[in-house]
$ cat structure.txt   # compact mmCIF, C-alpha atoms
# COMPACT_ATOMS: atom_id res chain seq x y z
CA ALA M 220 81.74 82.42 116.56
CA GLN M 221 79.56 83.95 113.94
CA SER M 222 79.78 82.68 110.38
CA VAL M 223 77.76 82.53 107.21
CA THR M 224 77.68 79.87 104.51
CA GLN M 225 76.42 80.45 101.01
CA PRO M 226 76.50 77.01 99.41
CA ASP M 227 75.94 78.16 95.83
CA ILE M 228 78.88 79.87 94.17
CA HIS M 229 77.10 80.58 90.89
CA ILE M 230 73.45 80.37 89.85
CA THR M 231 71.99 80.88 86.39
CA VAL M 232 68.30 81.61 85.90
CA SER M 233 66.16 82.69 82.98
CA GLU M 234 64.63 86.13 83.00
CA GLY M 235 61.16 85.93 84.52
CA ALA M 236 61.93 82.79 86.51
CA SER M 237 61.85 82.67 90.28
CA LEU M 238 65.00 82.84 92.36
CA GLU M 239 66.12 81.51 95.71
CA LEU M 240 69.62 82.11 97.09
CA ARG M 241 70.58 80.08 100.12
CA CYS M 242 72.22 81.32 103.28
CA ASN M 243 72.98 79.44 106.48
CA TYR M 244 74.35 81.14 109.54
CA SER M 245 76.04 80.18 112.76
CA TYR M 246 75.34 82.38 115.78
CA GLY M 247 74.67 81.69 119.43
CA ALA M 248 71.95 84.25 120.07
CA THR M 249 69.30 85.87 117.93
CA PRO M 250 71.18 86.93 114.83
CA TYR M 251 71.05 90.17 112.94
CA LEU M 252 71.05 89.12 109.29
CA PHE M 253 71.55 91.04 106.08
CA TRP M 254 71.57 90.56 102.33
CA TYR M 255 73.72 92.84 100.20
CA VAL M 256 74.04 93.06 96.43
CA GLN M 257 77.15 94.02 94.49
CA SER M 258 76.95 95.03 90.85
CA PRO M 259 80.15 94.70 88.79
CA GLY M 260 82.72 97.31 89.76
CA GLN M 261 80.54 98.73 92.50
CA GLY M 262 80.31 98.69 96.25
CA LEU M 263 77.71 96.74 98.17
CA GLN M 264 74.13 97.89 98.59
CA LEU M 265 71.76 96.70 101.30
CA LEU M 266 68.78 94.69 100.00
CA LEU M 267 67.14 93.87 103.32
CA LYS M 268 67.81 93.02 106.93
CA TYR M 269 66.30 91.05 109.79
CA PHE M 270 66.78 91.45 113.51
CA SER M 271 63.41 90.79 115.12
CA GLY M 272 59.70 90.45 114.52
CA ASP M 273 58.15 89.06 111.37
CA THR M 274 60.33 86.32 109.94
CA LEU M 275 59.49 87.30 106.36
CA VAL M 276 61.18 90.58 105.48
CA GLN M 277 60.70 92.67 102.38
CA GLY M 278 63.52 94.54 100.72
CA ILE M 279 64.24 96.74 97.78
CA LYS M 280 63.96 95.70 94.13
CA GLY M 281 61.23 93.15 94.88
CA PHE M 282 63.41 90.87 97.03
CA GLU M 283 62.30 89.14 100.21
CA ALA M 284 63.95 86.81 102.69
CA GLU M 285 62.66 84.40 105.29
CA PHE M 286 64.36 83.79 108.63
CA LYS M 287 64.04 80.18 109.79
CA ARG M 288 65.61 79.67 113.18
CA SER M 289 65.07 75.89 113.16
CA GLN M 290 67.12 75.61 109.96
CA SER M 291 69.58 78.44 110.73
CA SER M 292 68.73 79.86 107.34
CA PHE M 293 67.96 83.23 105.80
CA ASN M 294 67.25 82.54 102.14
CA LEU M 295 66.71 85.33 99.65
CA ARG M 296 63.88 85.06 97.12
CA LYS M 297 62.43 86.90 94.19
CA PRO M 298 59.35 85.70 92.27
CA SER M 299 60.43 87.00 88.85
CA VAL M 300 64.01 87.85 88.00
CA HIS M 301 64.94 90.78 85.76
CA TRP M 302 68.10 91.01 83.67
CA SER M 303 69.25 93.89 85.89
CA ASP M 304 69.37 91.52 88.87
CA ALA M 305 72.56 89.94 87.52
CA ALA M 306 75.09 90.65 90.28
CA GLU M 307 76.81 89.06 93.25
CA TYR M 308 74.80 88.57 96.41
CA PHE M 309 76.21 88.41 99.90
CA CYS M 310 74.55 87.21 103.07
CA ALA M 311 75.97 88.57 106.32
CA VAL M 312 75.51 88.20 110.07
CA SER M 313 76.32 90.98 112.49
CA GLY M 314 78.78 90.71 115.35
CA ALA M 315 79.52 93.39 117.92
CA ASN M 316 81.68 95.48 115.64
CA ASN M 317 81.93 93.35 112.55
CA LEU M 318 79.72 92.16 109.77
CA PHE M 319 80.63 88.56 108.83
CA PHE M 320 80.03 87.96 105.14
CA GLY M 321 79.48 84.78 103.24
CA THR M 322 81.57 84.06 100.16
CA GLY M 323 78.84 85.28 97.84
CA THR M 324 76.63 83.86 95.10
CA ARG M 325 77.02 85.16 91.59
CA LEU M 326 73.75 85.39 89.69
CA THR M 327 73.64 85.20 85.91
CA VAL M 328 70.36 85.99 84.16
CA ILE M 329 69.80 84.63 80.66
CA PRO M 330 67.24 86.13 78.27
CA ASN W 174 75.28 113.89 99.23
CA ALA W 175 78.38 111.88 98.20
CA GLY W 176 78.13 109.10 100.85
CA VAL W 177 81.40 107.16 101.16
CA THR W 178 84.21 108.23 98.84
CA GLN W 179 87.35 106.18 98.27
CA THR W 180 90.50 107.17 96.43
CA PRO W 181 92.28 106.01 94.40
CA LYS W 182 90.07 103.59 92.48
CA PHE W 183 93.05 101.75 91.03
CA GLN W 184 96.66 101.47 92.16
CA VAL W 185 99.67 99.38 91.19
CA LEU W 186 102.53 99.08 93.66
CA LYS W 187 105.82 97.29 93.77
CA THR W 188 106.63 95.02 96.69
CA GLY W 189 107.92 97.07 99.61
CA GLN W 190 106.32 100.35 98.58
CA SER W 191 103.98 102.19 100.89
CA MET W 192 100.70 103.89 100.15
CA THR W 193 97.53 105.19 101.73
CA LEU W 194 93.99 104.45 100.66
CA GLN W 195 91.74 107.38 101.47
CA CYS W 196 88.18 107.12 102.72
CA ALA W 197 85.83 109.98 103.52
CA GLN W 198 82.16 110.01 104.46
CA ASP W 199 79.81 112.97 104.70
CA MET W 200 77.01 111.32 106.70
CA ASN W 201 78.44 112.08 110.16
CA HIS W 202 78.72 108.35 110.88
CA GLU W 203 80.54 107.28 114.00
CA TYR W 204 81.45 103.81 112.77
CA MET W 205 83.86 103.33 109.86
CA SER W 206 85.60 100.21 108.63
CA TRP W 207 87.87 98.74 105.99
CA TYR W 208 87.24 95.41 104.29
CA ARG W 209 89.19 93.51 101.70
CA GLN W 210 87.47 91.37 99.10
CA ASP W 211 89.22 88.38 97.59
CA PRO W 212 87.78 85.80 95.16
CA GLY W 213 85.99 82.98 96.96
CA MET W 214 86.50 84.57 100.37
CA GLY W 215 83.84 87.23 100.61
CA LEU W 216 84.68 90.40 102.52
CA ARG W 217 86.93 90.34 105.56
CA LEU W 218 87.27 93.12 108.11
CA ILE W 219 90.72 94.71 108.37
CA HIS W 220 90.26 97.54 110.87
CA TYR W 221 87.39 99.55 112.22
CA SER W 222 86.71 102.69 114.21
CA VAL W 223 83.77 103.61 116.44
CA GLY W 224 84.66 107.28 116.59
CA ALA W 225 87.42 109.84 116.24
CA GLY W 226 90.54 108.69 118.08
CA ILE W 227 89.29 105.11 118.49
CA THR W 228 90.40 102.25 116.24
CA ASP W 229 90.56 98.50 116.60
CA GLN W 230 91.63 95.43 114.65
CA GLY W 231 89.37 93.20 112.63
CA GLU W 232 89.94 89.71 111.26
CA VAL W 233 92.94 90.43 109.01
CA PRO W 234 94.84 93.49 110.37
CA ASN W 235 98.43 92.43 109.69
CA GLY W 236 100.29 94.74 107.30
CA TYR W 237 97.79 97.57 107.65
CA ASN W 238 97.57 100.66 109.85
CA VAL W 239 94.69 103.05 110.41
CA SER W 240 94.01 106.26 112.27
CA ARG W 241 90.88 108.34 112.85
CA SER W 242 91.63 111.96 113.55
CA THR W 243 88.26 113.25 112.33
CA THR W 244 84.76 111.82 112.07
CA GLU W 245 84.85 112.13 108.28
CA ASP W 246 88.15 110.44 107.36
CA PHE W 247 89.51 106.94 107.90
CA PRO W 248 92.67 106.28 105.85
CA LEU W 249 94.20 102.82 105.46
CA ARG W 250 97.98 102.63 105.26
CA LEU W 251 100.11 99.90 103.79
CA LEU W 252 103.63 100.45 105.13
CA SER W 253 105.41 97.81 103.04
CA ALA W 254 103.20 96.29 100.38
CA ALA W 255 103.28 92.56 99.68
CA PRO W 256 101.75 90.58 96.79
CA SER W 257 99.35 88.99 99.32
CA GLN W 258 97.79 92.44 99.72
CA THR W 259 96.60 92.44 96.12
CA SER W 260 92.86 92.81 96.60
CA VAL W 261 89.86 95.08 96.31
CA TYR W 262 89.44 97.28 99.35
CA PHE W 263 86.15 98.68 100.55
CA CYS W 264 85.53 101.37 103.10
CA ALA W 265 82.15 101.35 104.85
CA SER W 266 80.38 103.42 107.46
CA ARG W 267 77.22 103.32 109.54
CA SER W 268 75.58 105.56 112.08
CA GLY W 269 75.71 104.99 115.82
CA GLY W 270 76.95 102.02 117.76
CA SER W 271 74.14 99.68 116.88
CA ASN W 272 75.14 96.66 114.85
CA THR W 273 71.69 96.54 113.29
CA GLY W 274 72.36 99.56 111.15
CA GLU W 275 72.99 99.57 107.42
CA LEU W 276 76.59 99.70 106.26
CA PHE W 277 77.18 102.17 103.47
CA PHE W 278 80.01 101.15 101.15
CA GLY W 279 82.35 103.06 98.91
CA GLU W 280 82.91 101.90 95.35
CA GLY W 281 86.17 100.15 96.17
CA SER W 282 89.88 100.55 95.49
CA ARG W 283 91.58 97.86 93.41
CA LEU W 284 95.18 97.37 94.49
CA THR W 285 97.76 95.27 92.67
CA VAL W 286 101.13 94.57 94.27
CA LEU W 287 103.79 93.27 91.92

$ encode --input "structure.txt" --output "C-alpha cells"
Amino acid sequence: AQSVTQPDIHITVSEGASLELRCNYSYGATPYLFWYVQSPGQGLQLLLKYFSGDTLVQGIKGFEAEFKRSQSSFNLRKPSVHWSDAAEYFCAVSGANNLFFGTGTRLTVIP
Amino acid sequence: NAGVTQTPKFQVLKTGQSMTLQCAQDMNHEYMSWYRQDPGMGLRLIHYSVGAGITDQGEVPNGYNVSRSTTEDFPLRLLSAAPSQTSVYFCASRSGGSNTGELFFGEGSRLTVL
C-alpha cells in the first residue's frame, strides 16, 4: 500500500538559510509524488510534482525536489528561505483515486 | 474564477446533530473529494467522486455521506455528529481521471462537535 513518511514534525531555520524537508514514500511501482504547502488558515497549494523524466523537479516559489528511487525519497529543498515560507509542508503520493499525505512538517523562519 | 468554495468556514454542533458541508467548484472538474485534517495525522480521504452520479469511499468514510448530482457540487453530510468528527474538512477537485493532476483545495471548514 502507498504511504508517505515525513520524519520531521517541526523545523526552524533562519531567514536566508537553506532548507531541506525530508519525505520517504512506500509504493510498488513508479510513484507520482507531490509537495503541497499550507499557510495558516488556508487550503493546500501545489508546490511541485514528479511522475517521470528528470529526477530534479522545479516548483513555484523557488522550491525544488529530487526523486531518489534507491532511497525511496523525494526531499524538498530551497537554497535561501524567506520569512513568507513559514507554513506547513505536506508530501504526498498518488494512488488510483486517492492522494496519500504525510503528516506534514511545520516550518518556522526566524529573522 | 473562484476555484473551490466551501461553506461554512466554521461550525459548532452538538453531539447527534446533523449538518451538511457544501463544496462547489467552477473549473468543470470531474474528480472531487473530501479530506479531513487532524493534528499529527495529515489529510485523510473521506469520500470521492469521479463524476456526476458516481461516488466512492475513501480511507475514513464512516459517519459521512456524499452525493454528486451535478459536476459543480459535492456536499458532505454528517447525519449524527460525534466528537470524533471534530476536524478541519477540505474539499478538493482535479480535472480528468489522471492521478497525476493537481488537486485544487478549498480553504477548509472547521467543525467542532461538543

$ closest_residue --input "structure.txt" --among "M:Tyr246, M:Phe293, M:Phe286, M:Phe253" --to "chain W" --atoms "only C-alpha atoms"
M:Phe253

$ interface_residues --input "structure.txt" --of "chain W" --to "chain M" --cutoff "8 Å" --atoms "only C-alpha atoms" --output "ChimeraX atom specification"
/W:213-218,221,231,263,272-273,275-281

$ residues_around --input "structure.txt" --residues "W:Val261" --least-positions-apart "5" --cutoff "9 Å" --atoms "only C-alpha atoms" --output "VMD selection string"
chain W and resid 208 to 211 281 to 285

$ axis_aligned_box --input "structure.txt" --around "stretch 281-284 of chain M" --padding-each-side "8 Å" --output "JSON"
{"center_x": 62.6, "center_y": 90.0, "center_z": 98.8, "size_x": 18.7, "size_y": 22.3, "size_z": 23.8}

$ closest_residue --input "structure.txt" --among "M:Leu295, M:Arg325, M:Ser289, M:Ser237" --to "W:Pro212" --atoms "all atoms listed in the file"
M:Arg325

$ residues_around --input "structure.txt" --residues "M:Glu234" --least-positions-apart "3" --cutoff "9 Å" --atoms "only C-alpha atoms" --output "PyMOL selection string"
chain M and resi 237+299-302+328-330

$ atom_distance --input "structure.txt" --atom1 "atom CA of W:Ser260" --atom2 "atom CA of W:Gln179"
14.6 Å

$ atom_distance --input "structure.txt" --atom1 "atom CA of W:Gln195" --atom2 "atom CA of W:Arg241"
11.5 Å

$ closest_residue --input "structure.txt" --among "W:Pro181, W:Gly224, W:Gly236, W:Gly176" --to "W:Ser257" --atoms "all atoms listed in the file"
W:Gly236

$ closest_residue --input "structure.txt" --among "W:Ala265, W:Ala255, W:Ile219, W:Val239" --to "W:Asp199" --atoms "only C-alpha atoms"
W:Ala265

$ atom_distance --input "structure.txt" --atom1 "atom CA of M:Cys242" --atom2 "atom CA of M:Arg288"
12.0 Å

$ build_atoms --input "structure.txt" --residues "stretch 302-321 of chain M" --atoms "N, CA, C and O atoms" --output "compact mmCIF listing (two decimals), in the frame of the given file"
# COMPACT_ATOMS: atom_id res chain seq x y z
N TRP M 302 66.70 91.07 84.12
CA TRP M 302 68.10 91.01 83.67
C TRP M 302 68.99 91.89 84.54
O TRP M 302 70.17 91.59 84.77
N SER M 303 68.45 92.97 85.07
CA SER M 303 69.25 93.89 85.89
C SER M 303 69.60 93.31 87.26
O SER M 303 70.37 93.92 88.00
N ASP M 304 69.03 92.15 87.59
CA ASP M 304 69.37 91.52 88.87
C ASP M 304 70.68 90.75 88.81
O ASP M 304 71.17 90.28 89.85
N ALA M 305 71.27 90.63 87.64
CA ALA M 305 72.56 89.94 87.52
C ALA M 305 73.60 90.70 88.35
O ALA M 305 73.84 91.89 88.13
N ALA M 306 74.18 90.01 89.32
CA ALA M 306 75.09 90.65 90.28
C ALA M 306 75.62 89.57 91.21
O ALA M 306 75.34 88.38 91.03
N GLU M 307 76.38 89.99 92.20
CA GLU M 307 76.81 89.06 93.25
C GLU M 307 76.07 89.42 94.52
O GLU M 307 75.93 90.59 94.86
N TYR M 308 75.63 88.40 95.22
CA TYR M 308 74.80 88.57 96.41
C TYR M 308 75.52 88.00 97.62
O TYR M 308 76.02 86.88 97.59
N PHE M 309 75.52 88.80 98.68
CA PHE M 309 76.21 88.41 99.90
C PHE M 309 75.24 88.40 101.07
O PHE M 309 74.52 89.38 101.31
N CYS M 310 75.27 87.31 101.81
CA CYS M 310 74.55 87.21 103.07
C CYS M 310 75.55 87.56 104.17
O CYS M 310 76.76 87.27 104.05
N ALA M 311 75.06 88.17 105.24
CA ALA M 311 75.97 88.57 106.32
C ALA M 311 75.26 88.49 107.66
O ALA M 311 74.04 88.69 107.74
N VAL M 312 76.03 88.21 108.70
CA VAL M 312 75.51 88.20 110.07
C VAL M 312 76.34 89.17 110.89
O VAL M 312 77.56 89.27 110.73
N SER M 313 75.66 89.91 111.76
CA SER M 313 76.32 90.98 112.49
C SER M 313 76.90 90.50 113.80
O SER M 313 76.23 89.81 114.57
N GLY M 314 78.17 90.87 114.05
CA GLY M 314 78.78 90.71 115.35
C GLY M 314 78.78 92.04 116.06
O GLY M 314 78.12 92.98 115.63
N ALA M 315 79.53 92.15 117.14
CA ALA M 315 79.52 93.39 117.92
C ALA M 315 80.02 94.57 117.11
O ALA M 315 79.41 95.64 117.09
N ASN M 316 81.12 94.40 116.44
CA ASN M 316 81.68 95.48 115.64
C ASN M 316 82.11 95.01 114.27
O ASN M 316 82.97 95.62 113.63
N ASN M 317 81.55 93.93 113.84
CA ASN M 317 81.93 93.35 112.55
C ASN M 317 80.68 92.83 111.87
O ASN M 317 79.70 92.47 112.51
N LEU M 318 80.74 92.81 110.57
CA LEU M 318 79.72 92.16 109.77
C LEU M 318 80.42 90.99 109.09
O LEU M 318 81.39 91.20 108.35
N PHE M 319 79.99 89.75 109.38
CA PHE M 319 80.63 88.56 108.83
C PHE M 319 79.89 88.19 107.55
O PHE M 319 78.69 87.87 107.58
N PHE M 320 80.63 88.21 106.45
CA PHE M 320 80.03 87.96 105.14
C PHE M 320 80.25 86.52 104.71
O PHE M 320 81.27 85.90 105.01
N GLY M 321 79.26 86.01 103.94
CA GLY M 321 79.48 84.78 103.24
C GLY M 321 80.37 85.02 102.02
O GLY M 321 80.76 86.15 101.74
